[in-house]
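J.: Have a look at this one.
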2 protein chains.
Amino acid sequence: MRIGELAERTGASIRSIRYYEQQGLLASVRLANGYREYTSLAEEQVRTIQLYLQLGLTTEQIAGFLNCVLQSKEAFCENVLPVYERKLAEIDDQIRLLASIKSNLEDRVRSILEERRKSEDECKTCE
Amino acid sequence: MRIGELAERTGASIRSIRYYEQQGLLASVRLANGYREYTSLAEEQVRTIQLYLQLGLTTEQIAGFLNCVLQSKEAFCENVLPVYERKLAEIDDQIRLLASIKSNLEDRVRSILEERRKSEDECKTCE
DNA sequence: CTTGACCCTCACATTAATGTCATGGTTTAT
DNA sequence: ATAAACCATGACATTAATGTGAGGGTCAAG
C-alpha cells in the first residue's frame with residue numbers, strides 16, 4: 001500500500017509516517033516513481049510505534065528496541081526494561097513536582113478565600 | 001543598582017532579567033550610557049517573579065496581576081484566583097495522564113518480569 | 001592608553017513531534 | 001489532454017524561558 005492508505009488505516013498523519021521513517025522506525029521500499037510502498041506489516045508496525053509514543057517514549061528510545069519487539073515479546077528484548085524503568089523514574093519525578101506545585105497552589109487559594117472571607121466579615125461588622 | 005548586581009542578588013541570570021523586562025514584568029530606568037538602573041525594590045520584584053514562575057505560571061499570566069500583588073495582597077487582586085484555578089485544573093490533567101501512563105508502564109514491567117520468571121522456571125525444568 | 005569588567009542589542013539555539021506551505025512530479029479518470 | 005487526487009522533498013512554525021555568542025560601547029584602575 002502507499003503512504004496515504006497507511007495513514008488512513010493507522011490514523012497517523014502522512015507527515016508522521018515520513019518522520020518515523022526518518023527516525024529509523026519504519027522502512028519502506030520505493031517504487032520506480034519514488035513513491036513509498038508498504039507491506040501490510042507496516043500497519044501493525046505503525047500502531048506499535050504509536051503505542052510506545054503514547055507511553056511518552058521518544059523515537060530514539062523506541063528505535064532502540066522496536067525491531068526486537070516486532071519479532072519477539074518485550075520480555076525477550078533486553079533494551080525494553082531499562083527504558084521503562086527510566087521512564088517510570090522520570091514520571092515519578094514529574095508527579096512529585098506537580099504534586100508539590102499543586103499543594104502550594106491550593107494553599108494559596110485557601111489563603112485568598114480565607115482573607116476574602118475575613119474582609120466580608122469586617123464589612124458586615126461595619127454595617 | 002545595575003543589572004549585574006540585581007542578577008547576583010536574586011540568582012536570576014542577566015538574560016532572564018532582560019527577558020522579564022521585555023515581557024513587561026520589570027521596569028528599569030536607563031542611565032545616560034544606556035545601562036539599566038534598578039531600585040532596591042527590583043530585588044523583591046524579581047523574587048516575586050521567580051516565585052510565580054516556579055508555580056508554573058507563564059510570564060503572560062504573571063503580567064496580568066504582578067503590579068497588583070506588588071502593591072496589595074493576592075486576595076485583593078481579582079486576576080490571581082482565576083489563574084490559580086486554571087493552573088490547578090491543568091496540573092490535575094497532567095497528573096492524571098502521568099498516572100495513567102505510569103500504571104500502564106508498571107503493568108508492562110510486571111509482565112516482562114513474569115514472563116522472564118516463567119522462562120527461568122522452564123530452564124530449571126530442562127536441567 | 002590599555003586592560004578588564006561591566007553593559008548594550010540582536011539573533012540564533014534549545015526540545016520533539018507534528019502541522020503546514022511551497023513547488024513540483026505522477027497517476028487516473030474523464 | 002486535462003483535472004483531481006496522490007506523492008515527493010524541503011523548509012519553516014509551533015512552545016517558553018533561557019543559554020550563548022557576535023559585535024560593540026563604557027568605565028575604572030593601572
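Residue names in the C-alpha cells use chain letters A, B, ... in the order shown, residue numbers from 1 in each chain, and ligand numbers from 1 in the order shown.
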Would you list the contacts of DT28 of chain C as a list of chain:residue names, taking every protein, DNA or RNA residue within 10 Å and counting only C-alpha atoms (C1' of nucleotides), but skipping same-chain residues closer than 3 positions in sequence?
T.: D:DA4, D:DA5, D:DC6
J.: Sorted by chain and rising residue number, which residues of chain C lie within 9 Å of chain A, and what are their closest atom pairs and distances in Å to one decimal, counting only C-alpha atoms (C1' of nucleotides), as CSV?
T.:
```
residue,atom,partner,partner_atom,distance
C:DA16,C1',A:Thr58,CA,8.0
C:DA17,C1',A:Ser16,CA,7.9
C:DT18,C1',A:Ser16,CA,6.7
C:DG19,C1',A:Arg15,CA,8.3
C:DG25,C1',A:Asn33,CA,8.7
C:DT26,C1',A:Asn33,CA,7.2
```
J.: For all heavy atoms, I'd like the residues from the last selection saved as a short mmCIF file (atom, residue, chain, number, x, y, z; two decimals), in the first residue's frame.
T.:
```
data_model
loop_
_atom_site.label_atom_id
_atom_site.label_comp_id
_atom_site.auth_asym_id
_atom_site.auth_seq_id
_atom_site.Cartn_x
_atom_site.Cartn_y
_atom_site.Cartn_z
P DA C 16 14.50 15.76 22.91
OP1 DA C 16 14.69 14.89 24.08
OP2 DA C 16 15.53 15.84 21.88
"O5'" DA C 16 13.14 15.38 22.21
"C5'" DA C 16 11.90 15.75 22.81
"C4'" DA C 16 10.81 15.58 21.80
"O4'" DA C 16 10.47 16.86 21.22
"C3'" DA C 16 11.13 14.65 20.63
"O3'" DA C 16 10.09 13.73 20.53
"C2'" DA C 16 11.23 15.56 19.42
"C1'" DA C 16 10.38 16.75 19.82
N9 DA C 16 10.82 18.03 19.31
C8 DA C 16 11.99 18.31 18.67
N7 DA C 16 12.12 19.56 18.31
C5 DA C 16 10.97 20.16 18.78
C6 DA C 16 10.50 21.48 18.73
N6 DA C 16 11.17 22.48 18.17
N1 DA C 16 9.29 21.74 19.28
C2 DA C 16 8.61 20.73 19.84
N3 DA C 16 8.95 19.46 19.95
C4 DA C 16 10.16 19.23 19.39
P DA C 17 10.19 12.51 19.52
OP1 DA C 17 10.02 11.28 20.30
OP2 DA C 17 11.34 12.64 18.60
"O5'" DA C 17 8.86 12.77 18.70
"C5'" DA C 17 7.63 12.85 19.41
"C4'" DA C 17 6.67 13.74 18.66
"O4'" DA C 17 7.28 15.01 18.41
"C3'" DA C 17 6.25 13.19 17.29
"O3'" DA C 17 4.86 12.94 17.36
"C2'" DA C 17 6.60 14.30 16.31
"C1'" DA C 17 6.78 15.53 17.20
N9 DA C 17 7.76 16.51 16.73
C8 DA C 17 9.05 16.29 16.33
N7 DA C 17 9.68 17.39 15.96
C5 DA C 17 8.74 18.39 16.14
C6 DA C 17 8.79 19.78 15.93
N6 DA C 17 9.87 20.42 15.47
N1 DA C 17 7.68 20.49 16.22
C2 DA C 17 6.60 19.84 16.68
N3 DA C 17 6.44 18.54 16.91
C4 DA C 17 7.55 17.86 16.62
P DT C 18 4.05 12.34 16.18
OP1 DT C 18 2.89 11.64 16.76
OP2 DT C 18 4.97 11.64 15.25
"O5'" DT C 18 3.51 13.64 15.44
"C5'" DT C 18 2.78 14.60 16.20
"C4'" DT C 18 2.62 15.87 15.42
"O4'" DT C 18 3.90 16.53 15.26
"C3'" DT C 18 2.07 15.70 14.00
"O3'" DT C 18 0.74 16.17 14.01
"C2'" DT C 18 2.99 16.56 13.12
"C1'" DT C 18 3.77 17.37 14.14
N1 DT C 18 5.14 17.76 13.71
C2 DT C 18 5.42 19.10 13.55
O2 DT C 18 4.61 19.98 13.73
N3 DT C 18 6.71 19.38 13.15
C4 DT C 18 7.73 18.46 12.92
O4 DT C 18 8.84 18.84 12.57
C5 DT C 18 7.36 17.08 13.11
C7 DT C 18 8.37 16.01 12.89
C6 DT C 18 6.09 16.80 13.49
P DG C 19 -0.07 16.28 12.66
OP1 DG C 19 -1.47 16.04 13.03
OP2 DG C 19 0.58 15.47 11.61
"O5'" DG C 19 0.11 17.82 12.29
"C5'" DG C 19 -0.13 18.81 13.29
"C4'" DG C 19 -0.13 20.19 12.67
"O4'" DG C 19 1.23 20.65 12.45
"C3'" DG C 19 -0.83 20.31 11.33
"O3'" DG C 19 -1.50 21.57 11.29
"C2'" DG C 19 0.32 20.26 10.33
"C1'" DG C 19 1.45 20.97 11.08
N9 DG C 19 2.80 20.52 10.74
C8 DG C 19 3.27 19.23 10.77
N7 DG C 19 4.53 19.13 10.45
C5 DG C 19 4.92 20.43 10.20
C6 DG C 19 6.19 20.96 9.81
O6 DG C 19 7.24 20.35 9.61
N1 DG C 19 6.15 22.35 9.65
C2 DG C 19 5.03 23.12 9.85
N2 DG C 19 5.18 24.43 9.64
N3 DG C 19 3.85 22.65 10.22
C4 DG C 19 3.87 21.30 10.38
P DG C 25 8.38 19.18 -12.26
OP1 DG C 25 9.69 19.41 -12.91
OP2 DG C 25 7.16 19.81 -12.81
"O5'" DG C 25 8.15 17.62 -12.15
"C5'" DG C 25 9.14 16.82 -11.52
"C4'" DG C 25 8.50 15.54 -11.01
"O4'" DG C 25 7.47 15.88 -10.05
"C3'" DG C 25 7.82 14.71 -12.10
"O3'" DG C 25 8.12 13.33 -11.89
"C2'" DG C 25 6.34 14.97 -11.88
"C1'" DG C 25 6.28 15.19 -10.38
N9 DG C 25 5.15 16.00 -9.95
C8 DG C 25 4.97 17.34 -10.17
N7 DG C 25 3.84 17.80 -9.65
C5 DG C 25 3.26 16.68 -9.08
C6 DG C 25 2.03 16.56 -8.37
O6 DG C 25 1.20 17.43 -8.13
N1 DG C 25 1.83 15.25 -7.95
C2 DG C 25 2.69 14.20 -8.18
N2 DG C 25 2.31 13.02 -7.70
N3 DG C 25 3.83 14.31 -8.83
C4 DG C 25 4.05 15.58 -9.25
P DT C 26 7.54 12.25 -12.92
OP1 DT C 26 8.47 11.10 -12.88
OP2 DT C 26 7.19 12.90 -14.20
"O5'" DT C 26 6.20 11.82 -12.20
"C5'" DT C 26 6.26 11.08 -10.97
"C4'" DT C 26 4.96 10.33 -10.75
"O4'" DT C 26 3.92 11.26 -10.39
"C3'" DT C 26 4.42 9.55 -11.97
"O3'" DT C 26 3.98 8.29 -11.49
"C2'" DT C 26 3.27 10.41 -12.47
"C1'" DT C 26 2.77 11.04 -11.17
N1 DT C 26 2.11 12.36 -11.25
C2 DT C 26 0.88 12.53 -10.65
O2 DT C 26 0.31 11.64 -10.06
N3 DT C 26 0.35 13.78 -10.75
C4 DT C 26 0.91 14.88 -11.40
O4 DT C 26 0.32 15.96 -11.41
C5 DT C 26 2.18 14.64 -12.02
C7 DT C 26 2.85 15.75 -12.75
C6 DT C 26 2.72 13.40 -11.92
#
```
J.: Using only C-alpha atoms (C1' of nucleotides), determine which residues of chain A fall within 12 Å of chain D; present them as a ChimeraX atom specification.
T.: /A:2-5,14-15,18,30-31,33-37
J.: Save the residues we just selected, all heavy atoms, as a compact mmCIF listing (two decimals), in the first residue's frame?
T.:
```txt
# COMPACT_ATOMS: atom_id res chain seq x y z
N ARG A 2 0.28 2.36 -0.38
CA ARG A 2 1.05 3.60 -0.38
C ARG A 2 0.81 4.38 0.92
O ARG A 2 -0.01 3.99 1.74
CB ARG A 2 0.68 4.43 -1.61
CG ARG A 2 1.25 3.81 -2.88
CD ARG A 2 0.90 4.61 -4.10
NE ARG A 2 -0.55 4.85 -4.19
CZ ARG A 2 -1.14 5.41 -5.24
NH1 ARG A 2 -0.42 5.76 -6.28
NH2 ARG A 2 -2.44 5.60 -5.26
N ILE A 3 1.53 5.46 1.06
CA ILE A 3 1.55 6.14 2.36
C ILE A 3 0.18 6.67 2.77
O ILE A 3 -0.17 6.67 3.96
CB ILE A 3 2.61 7.27 2.35
CG1 ILE A 3 2.94 7.70 3.79
CG2 ILE A 3 2.14 8.45 1.50
CD1 ILE A 3 4.15 8.61 3.89
N GLY A 4 -0.61 7.10 1.79
CA GLY A 4 -1.93 7.63 2.11
C GLY A 4 -2.81 6.57 2.75
O GLY A 4 -3.50 6.85 3.74
N GLU A 5 -2.76 5.39 2.20
CA GLU A 5 -3.58 4.30 2.76
C GLU A 5 -3.09 3.91 4.15
O GLU A 5 -3.88 3.68 5.06
CB GLU A 5 -3.53 3.10 1.81
CG GLU A 5 -4.51 2.02 2.24
CD GLU A 5 -4.47 0.81 1.31
OE1 GLU A 5 -3.91 0.94 0.19
OE2 GLU A 5 -4.98 -0.25 1.71
N ILE A 14 0.35 11.50 7.36
CA ILE A 14 1.40 11.21 6.40
C ILE A 14 2.72 11.80 6.88
O ILE A 14 3.78 11.16 6.81
CB ILE A 14 1.01 11.77 5.02
CG1 ILE A 14 -0.18 10.97 4.44
CG2 ILE A 14 2.18 11.75 4.06
CD1 ILE A 14 -0.67 11.47 3.11
N ARG A 15 2.63 13.00 7.38
CA ARG A 15 3.83 13.67 7.91
C ARG A 15 4.52 12.83 8.98
O ARG A 15 5.74 12.71 9.01
CB ARG A 15 3.41 15.01 8.49
CG ARG A 15 4.52 15.77 9.17
CD ARG A 15 5.52 16.25 8.15
NE ARG A 15 6.52 17.11 8.74
CZ ARG A 15 7.64 16.67 9.27
NH1 ARG A 15 7.88 15.38 9.32
NH2 ARG A 15 8.53 17.51 9.76
N ARG A 18 6.29 9.70 7.58
CA ARG A 18 7.58 10.04 6.98
C ARG A 18 8.62 10.29 8.07
O ARG A 18 9.77 9.93 7.95
CB ARG A 18 7.44 11.29 6.10
CG ARG A 18 6.59 11.07 4.86
CD ARG A 18 6.95 12.08 3.78
NE ARG A 18 6.02 12.02 2.65
CZ ARG A 18 5.09 12.94 2.41
NH1 ARG A 18 4.97 13.99 3.20
NH2 ARG A 18 4.28 12.80 1.37
N ARG A 30 10.87 1.84 -2.28
CA ARG A 30 10.44 2.89 -3.18
C ARG A 30 10.08 2.31 -4.54
O ARG A 30 10.85 1.53 -5.11
CB ARG A 30 11.55 3.93 -3.37
CG ARG A 30 11.91 4.68 -2.11
CD ARG A 30 10.70 5.39 -1.51
NE ARG A 30 11.09 6.16 -0.35
CZ ARG A 30 11.22 7.48 -0.34
NH1 ARG A 30 11.00 8.17 -1.43
NH2 ARG A 30 11.59 8.11 0.76
N LEU A 31 8.97 2.72 -5.06
CA LEU A 31 8.58 2.32 -6.40
C LEU A 31 9.41 3.12 -7.41
O LEU A 31 10.13 4.06 -7.04
CB LEU A 31 7.09 2.59 -6.61
CG LEU A 31 6.17 1.85 -5.65
CD1 LEU A 31 4.72 2.19 -5.92
CD2 LEU A 31 6.39 0.34 -5.76
N ASN A 33 8.57 5.30 -9.37
CA ASN A 33 8.21 6.73 -9.40
C ASN A 33 8.59 7.47 -8.13
O ASN A 33 8.29 8.64 -7.98
CB ASN A 33 6.72 6.88 -9.67
CG ASN A 33 5.89 6.13 -8.64
OD1 ASN A 33 6.39 5.77 -7.59
ND2 ASN A 33 4.64 5.90 -8.97
N GLY A 34 9.23 6.76 -7.20
CA GLY A 34 9.66 7.41 -5.98
C GLY A 34 8.68 7.27 -4.83
O GLY A 34 8.99 7.64 -3.70
N TYR A 35 7.51 6.75 -5.10
CA TYR A 35 6.51 6.58 -4.06
C TYR A 35 6.95 5.51 -3.06
O TYR A 35 7.57 4.53 -3.42
CB TYR A 35 5.17 6.16 -4.65
CG TYR A 35 4.44 7.23 -5.42
CD1 TYR A 35 5.06 8.44 -5.74
CD2 TYR A 35 3.13 7.03 -5.83
CE1 TYR A 35 4.39 9.42 -6.44
CE2 TYR A 35 2.45 8.02 -6.53
CZ TYR A 35 3.08 9.20 -6.84
OH TYR A 35 2.40 10.16 -7.54
N ARG A 36 6.59 5.72 -1.79
CA ARG A 36 6.85 4.70 -0.77
C ARG A 36 5.81 3.60 -0.88
O ARG A 36 4.62 3.88 -1.01
CB ARG A 36 6.79 5.31 0.63
CG ARG A 36 7.94 6.25 0.96
CD ARG A 36 7.66 6.97 2.27
NE ARG A 36 8.77 7.82 2.67
CZ ARG A 36 8.97 9.05 2.22
NH1 ARG A 36 8.15 9.59 1.36
NH2 ARG A 36 10.02 9.74 2.64
N GLU A 37 6.26 2.37 -0.77
CA GLU A 37 5.33 1.25 -0.79
C GLU A 37 5.51 0.45 0.50
O GLU A 37 6.63 0.21 0.93
CB GLU A 37 5.60 0.36 -2.01
CG GLU A 37 4.70 -0.84 -2.14
CD GLU A 37 3.25 -0.49 -2.50
OE1 GLU A 37 3.04 0.62 -3.04
OE2 GLU A 37 2.36 -1.32 -2.23
```
J.: Give me, as a Markdown table, each residue of chain B that comes within 10 Å of chain A, together with its shortest interatomic pair and the distance in Å at one decimal, counting only C-alpha atoms, with rows ordered by chain and rising residue number.
T.:
```
| residue | atom | partner | partner_atom | distance |
| --- | --- | --- | --- | --- |
| B:Gln54 | CA | A:Ile101 | CA | 8.0 |
| B:Leu55 | CA | A:Ile101 | CA | 5.8 |
| B:Gly56 | CA | A:Ile101 | CA | 7.8 |
| B:Lys73 | CA | A:Ile112 | CA | 8.6 |
| B:Glu74 | CA | A:Ile112 | CA | 6.6 |
| B:Ala75 | CA | A:Ile112 | CA | 4.5 |
| B:Phe76 | CA | A:Arg116 | CA | 7.8 |
| B:Cys77 | CA | A:Ile112 | CA | 9.4 |
| B:Val80 | CA | A:Val109 | CA | 9.0 |
| B:Leu81 | CA | A:Val109 | CA | 6.7 |
| B:Pro82 | CA | A:Val109 | CA | 9.8 |
| B:Tyr84 | CA | A:Leu105 | CA | 6.5 |
| B:Glu85 | CA | A:Val109 | CA | 8.1 |
| B:Lys87 | CA | A:Leu105 | CA | 8.4 |
| B:Leu88 | CA | A:Lys102 | CA | 6.3 |
| B:Ala89 | CA | A:Lys102 | CA | 9.5 |
| B:Glu90 | CA | A:Lys102 | CA | 9.9 |
| B:Ile91 | CA | A:Leu98 | CA | 6.5 |
| B:Asp92 | CA | A:Lys102 | CA | 8.2 |
| B:Gln94 | CA | A:Leu98 | CA | 8.2 |
| B:Ile95 | CA | A:Ile95 | CA | 6.1 |
| B:Arg96 | CA | A:Ile95 | CA | 9.4 |
| B:Leu97 | CA | A:Leu55 | CA | 10.0 |
| B:Leu98 | CA | A:Ile91 | CA | 6.5 |
| B:Ala99 | CA | A:Ile95 | CA | 7.9 |
| B:Ser100 | CA | A:Leu55 | CA | 9.3 |
| B:Ile101 | CA | A:Leu55 | CA | 5.8 |
| B:Lys102 | CA | A:Leu88 | CA | 6.3 |
| B:Ser103 | CA | A:Leu88 | CA | 9.3 |
| B:Asn104 | CA | A:Leu55 | CA | 7.9 |
| B:Leu105 | CA | A:Tyr84 | CA | 6.6 |
| B:Glu106 | CA | A:Leu88 | CA | 7.9 |
| B:Arg108 | CA | A:Tyr84 | CA | 8.4 |
| B:Val109 | CA | A:Leu81 | CA | 6.8 |
| B:Arg110 | CA | A:Ala75 | CA | 9.8 |
| B:Ser111 | CA | A:Ala75 | CA | 7.6 |
| B:Ile112 | CA | A:Ala75 | CA | 4.5 |
| B:Leu113 | CA | A:Ala75 | CA | 7.2 |
| B:Glu114 | CA | A:Ala75 | CA | 8.5 |
| B:Glu115 | CA | A:Ala75 | CA | 6.2 |
| B:Arg116 | CA | A:Ala75 | CA | 6.3 |
| B:Arg117 | CA | A:Ala75 | CA | 9.9 |
| B:Ser119 | CA | A:Ala75 | CA | 9.7 |
```
J.: Take the residues from that selection and write them out as a short mmCIF file (atom, residue, chain, number, x, y, z; two decimals), in the first residue's frame, keeping N, CA and C atoms.
T.:
```cif
data_model
loop_
_atom_site.label_atom_id
_atom_site.label_comp_id
_atom_site.auth_asym_id
_atom_site.auth_seq_id
_atom_site.Cartn_x
_atom_site.Cartn_y
_atom_site.Cartn_z
N GLN B 54 7.98 29.54 39.33
CA GLN B 54 8.13 28.20 39.90
C GLN B 54 6.77 27.51 40.10
N LEU B 55 5.73 28.32 40.16
CA LEU B 55 4.39 27.73 40.24
C LEU B 55 3.91 27.29 38.86
N GLY B 56 4.75 27.50 37.86
CA GLY B 56 4.39 27.05 36.53
C GLY B 56 3.56 28.05 35.75
N LYS B 73 -2.29 42.61 48.69
CA LYS B 73 -2.23 41.17 48.87
C LYS B 73 -2.89 40.45 47.70
N GLU B 74 -2.49 39.23 47.49
CA GLU B 74 -3.08 38.41 46.43
C GLU B 74 -4.60 38.40 46.54
N ALA B 75 -5.09 38.36 47.75
CA ALA B 75 -6.53 38.24 47.97
C ALA B 75 -7.30 39.41 47.36
N PHE B 76 -6.62 40.53 47.22
CA PHE B 76 -7.31 41.71 46.71
C PHE B 76 -7.06 41.91 45.22
N CYS B 77 -6.39 40.96 44.60
CA CYS B 77 -6.15 41.04 43.15
C CYS B 77 -7.05 40.03 42.45
N VAL B 80 -5.78 36.99 40.19
CA VAL B 80 -4.95 35.89 40.68
C VAL B 80 -5.71 34.57 40.73
N LEU B 81 -6.85 34.61 41.39
CA LEU B 81 -7.58 33.37 41.63
C LEU B 81 -7.92 32.60 40.35
N PRO B 82 -8.43 33.26 39.31
CA PRO B 82 -8.74 32.51 38.08
C PRO B 82 -7.51 31.84 37.49
N TYR B 84 -4.89 30.80 39.18
CA TYR B 84 -4.59 29.65 40.04
C TYR B 84 -5.53 28.48 39.73
N GLU B 85 -6.79 28.80 39.56
CA GLU B 85 -7.76 27.74 39.30
C GLU B 85 -7.45 27.03 37.99
N LYS B 87 -4.61 26.89 36.51
CA LYS B 87 -3.38 26.12 36.65
C LYS B 87 -3.61 24.82 37.39
N LEU B 88 -4.44 24.89 38.40
CA LEU B 88 -4.74 23.68 39.16
C LEU B 88 -5.43 22.63 38.29
N ALA B 89 -6.34 23.10 37.46
CA ALA B 89 -7.05 22.17 36.58
C ALA B 89 -6.06 21.52 35.61
N GLU B 90 -5.18 22.34 35.10
CA GLU B 90 -4.16 21.87 34.17
C GLU B 90 -3.24 20.83 34.83
N ILE B 91 -2.86 21.12 36.05
CA ILE B 91 -1.99 20.20 36.78
C ILE B 91 -2.72 18.89 37.04
N ASP B 92 -3.99 18.97 37.39
CA ASP B 92 -4.74 17.74 37.61
C ASP B 92 -4.78 16.90 36.34
N GLN B 94 -2.58 16.87 33.98
CA GLN B 94 -1.25 16.30 33.76
C GLN B 94 -0.99 15.13 34.69
N ILE B 95 -1.38 15.31 35.93
CA ILE B 95 -1.15 14.22 36.89
C ILE B 95 -1.94 12.98 36.49
N ARG B 96 -3.17 13.21 36.07
CA ARG B 96 -3.99 12.06 35.65
C ARG B 96 -3.33 11.33 34.49
N LEU B 97 -2.87 12.11 33.50
CA LEU B 97 -2.23 11.48 32.35
C LEU B 97 -0.98 10.71 32.77
N LEU B 98 -0.17 11.35 33.59
CA LEU B 98 1.05 10.69 34.04
C LEU B 98 0.74 9.43 34.84
N ALA B 99 -0.27 9.50 35.68
CA ALA B 99 -0.62 8.34 36.49
C ALA B 99 -1.09 7.19 35.60
N SER B 100 -1.80 7.55 34.56
CA SER B 100 -2.29 6.51 33.66
C SER B 100 -1.13 5.85 32.90
N ILE B 101 -0.21 6.67 32.42
CA ILE B 101 0.96 6.12 31.75
C ILE B 101 1.79 5.29 32.72
N LYS B 102 1.88 5.80 33.93
CA LYS B 102 2.67 5.09 34.93
C LYS B 102 2.11 3.69 35.19
N SER B 103 0.80 3.60 35.32
CA SER B 103 0.26 2.28 35.64
C SER B 103 0.38 1.36 34.44
N ASN B 104 0.26 1.93 33.27
CA ASN B 104 0.48 1.15 32.05
C ASN B 104 1.91 0.59 32.03
N LEU B 105 2.86 1.46 32.32
CA LEU B 105 4.26 1.03 32.33
C LEU B 105 4.50 -0.04 33.40
N GLU B 106 3.90 0.19 34.54
CA GLU B 106 4.09 -0.79 35.62
C GLU B 106 3.54 -2.16 35.23
N ARG B 108 3.38 -3.30 32.30
CA ARG B 108 4.30 -3.88 31.32
C ARG B 108 5.56 -4.43 31.98
N VAL B 109 6.05 -3.71 32.94
CA VAL B 109 7.23 -4.19 33.66
C VAL B 109 6.89 -5.50 34.36
N ARG B 110 5.74 -5.52 35.00
CA ARG B 110 5.32 -6.75 35.68
C ARG B 110 5.24 -7.90 34.70
N SER B 111 4.62 -7.66 33.56
CA SER B 111 4.51 -8.71 32.54
C SER B 111 5.87 -9.25 32.14
N ILE B 112 6.78 -8.33 31.92
CA ILE B 112 8.11 -8.76 31.49
C ILE B 112 8.77 -9.62 32.55
N LEU B 113 8.70 -9.16 33.79
CA LEU B 113 9.34 -9.92 34.86
C LEU B 113 8.68 -11.29 35.01
N GLU B 114 7.37 -11.28 34.88
CA GLU B 114 6.62 -12.52 34.97
C GLU B 114 7.04 -13.51 33.88
N GLU B 115 7.09 -13.01 32.67
CA GLU B 115 7.49 -13.86 31.53
C GLU B 115 8.89 -14.40 31.72
N ARG B 116 9.75 -13.53 32.22
CA ARG B 116 11.13 -13.97 32.40
C ARG B 116 11.22 -15.02 33.50
N ARG B 117 10.41 -14.83 34.52
CA ARG B 117 10.40 -15.81 35.59
C ARG B 117 9.96 -17.16 35.05
N SER B 119 10.22 -18.23 32.07
CA SER B 119 11.29 -18.79 31.24
C SER B 119 12.35 -19.44 32.10
#
```
J.: Would you kindly return, as an MDAnalysis selection string, each protein, DNA or RNA residue with an atom no farther than 9 Å from any atom of Ala42 of chain A, considering only C-alpha atoms (C1' of nucleotides) and excluding same-chain residues fewer than 2 positions away?
T.: chainID A and resid 6 26:28 38:40 44:47
J.: What separation in Å, quoted to one decimal, exists between atom CA of Asp107 of chain B and atom CA of Ile62 of chain A?
T.: 18.1 Å
J.: Where in segment 20-121 of chain B does DSSP assign helix (DSSP H, G or I), given as a ChimeraX atom specification?
T.: /B:20-22,41-54,59-63,66-71,74-76,80-121
